[in-house]
Amino acid sequence: MLKTVAALMAVAMLASCSPLGTFNAIVPQDRGATAVERGSAYGTHPRQQLDLYRPKAWRAGQAGLPIVVFLYGGSWQEGGRGGYEFVARAFADAGFLVAVPDYRLVPEVRFPAFLEDSAAAVRWVRANATRFGGDPDRIVIVGHSAGAYNAAMLALDDRWLGEDRQALRGLVGLAGPYDFLPLDTAVTVDAFGQERDLESTQPISFASAGDPPALLLHGDRDTTVYPRNSERLASILRAAGVEAQLKLYPDLGHVGIITALARPFRGRAPVLNDSITFAREVTTDQSRGPSGSQ
């Protein structure tokens, strides 16, 4: 199975297809989850849509489910929610209502449009959560790569969610860029180069007391987004008195950390188990108030 997946991924890359879209189509999916809504519009742009998944075992009248909002990566330039069904089903199978939104991409937009879209998606989820069995006040925001950047900015910077930030019980960042100045790659220049105040684009600039707890996960072989990004953010959050867990997985790279959420690859690193354990803790601990405060 693993050799088949690897071969098909290679074909997809050579054919300029979406590697993760192909990956999602061929890996076994978690069976305890179901898609309950596809293409819900949280805005007027074609990319301002999201999909929702929840546990098959959920029944009307049950207590509201904790919510995971997953933001995918792609250098702020590519990606689509359909390629991440394996992620959504994994979290839904564990007992969460899961939302996977698209957002506008570079070069059509630049910073901060992708943050504005991510925030609008979270607000839509919170406003509509009860219709789908979710608890609007128990949200964990999860992101990979550029999506982890978006997630961190929403969790740490009041500009994007305002009062709705209080519903965020936790942040899970997978291989996120949180401290990447100076801009020294085409990707970051394209997304942020027009911004005059570059410090205002960095998640580390906003880490402060009262932020929600964070779980920052990184592969120690990641050469796309270096582990120092997670190490630096964890250090600053801890210095501010915020609960921040940091886990570095040996022999894992940038793509490996997201594919480790899929059933055939979970033995490579406990990315899913660590994420679910954290998300359950922060959404069930009754001593925690809004935004993870005690």
# chains A, B, ... in the order shown; residues from 1 in each chain; ligands from 1
>>> closest_atom_pairs(of="range 209-254 of chain A", to="range 137-157 of chain A", cutoff="10 Å", atoms="only C-alpha atoms", output="Markdown table")
| residue | atom | partner | partner_atom | distance |
| --- | --- | --- | --- | --- |
| A:Ala209 | CA | A:Leu156 | CA | 9.7 |
| A:Gly210 | CA | A:Leu156 | CA | 9.1 |
| A:Asp211 | CA | A:Leu156 | CA | 5.9 |
| A:Pro212 | CA | A:Ala155 | CA | 6.8 |
| A:Pro213 | CA | A:Ala155 | CA | 9.3 |
| A:Ala214 | CA | A:Ala152 | CA | 8.9 |
| A:Leu215 | CA | A:Val142 | CA | 9.4 |
| A:Leu216 | CA | A:Ala148 | CA | 9.3 |
| A:Leu217 | CA | A:His144 | CA | 9.5 |
| A:His218 | CA | A:Ser145 | CA | 9.8 |
| A:Thr224 | CA | A:Ser145 | CA | 9.1 |
| A:Val225 | CA | A:Ser145 | CA | 7.5 |
| A:Leu233 | CA | A:Ala152 | CA | 9.7 |
| A:Leu237 | CA | A:Leu156 | CA | 9.8 |
| A:His254 | CA | A:Ser145 | CA | 7.9 |
>>> select_by_dssp(residues="range 3-96 of chain A", states="alpha helix (DSSP H)", output="number ranges by chain")
A: 3-14, 19-26, 85-93
>>> atom_distance(atom1="CA of Val122 in chain A", atom2="CA of Leu168 in chain A")
9.6 Å
>>> atom_distance(atom1="CA of Leu97 in chain A", atom2="CA of Thr277 in chain A")
15.4 Å
>>> select_by_dssp(residues="range 19-208 of chain A", states="strand (DSSP E)", output="VMD selection string")
chain A and resid 33 to 41 49 to 55 65 to 71 97 to 101 134 to 144 168 to 174
>>> residues_around(residues="Pro101 in chain A", least_positions_apart="6", cutoff="12 Å", atoms="only C-alpha atoms", output="ChimeraX atom specification")
/A:37-43,46-53,68-73,79-85,88,114-115,117-125,141-143,147,150-151
>>> atom_distance(atom1="CA of Asp251 in chain A", atom2="CA of Arg228 in chain A")
15.7 Å
>>> residues_around(residues="Phe111 in chain A", least_positions_apart="4", cutoff="8 Å", atoms="only C-alpha atoms", output="JSON, numbers by chain")
{"A": [115, 191, 192, 195]}
>>> closest_residue(among="A:Gly32, A:Pro66, A:Gly74, A:Gly21", to="Gly170 in chain A", atoms="only C-alpha atoms")
A:Pro66
>>> residues_around(residues="Tyr249 in chain A", least_positions_apart="6", cutoff="7 Å", atoms="only C-alpha atoms", output="list in words")
His218, Gly219, Asp220 and Ala269 of chain A
>>> write_last_selection(atoms="C-alpha atoms", output="short mmCIF file (atom, residue, chain, number, x, y, z; two decimals), in the first residue's frame")
data_model
loop_
_atom_site.label_atom_id
_atom_site.label_comp_id
_atom_site.auth_asym_id
_atom_site.auth_seq_id
_atom_site.Cartn_x
_atom_site.Cartn_y
_atom_site.Cartn_z
CA HIS A 218 7.45 19.96 13.78
CA GLY A 219 9.60 17.38 12.00
CA ASP A 220 13.30 17.72 12.73
CA ALA A 269 4.94 9.80 14.12
#
>>> closest_residue(among="A:His45, A:Arg159, A:Arg104, A:Arg131", to="Ala60 in chain A", atoms="only C-alpha atoms")
A:Arg131
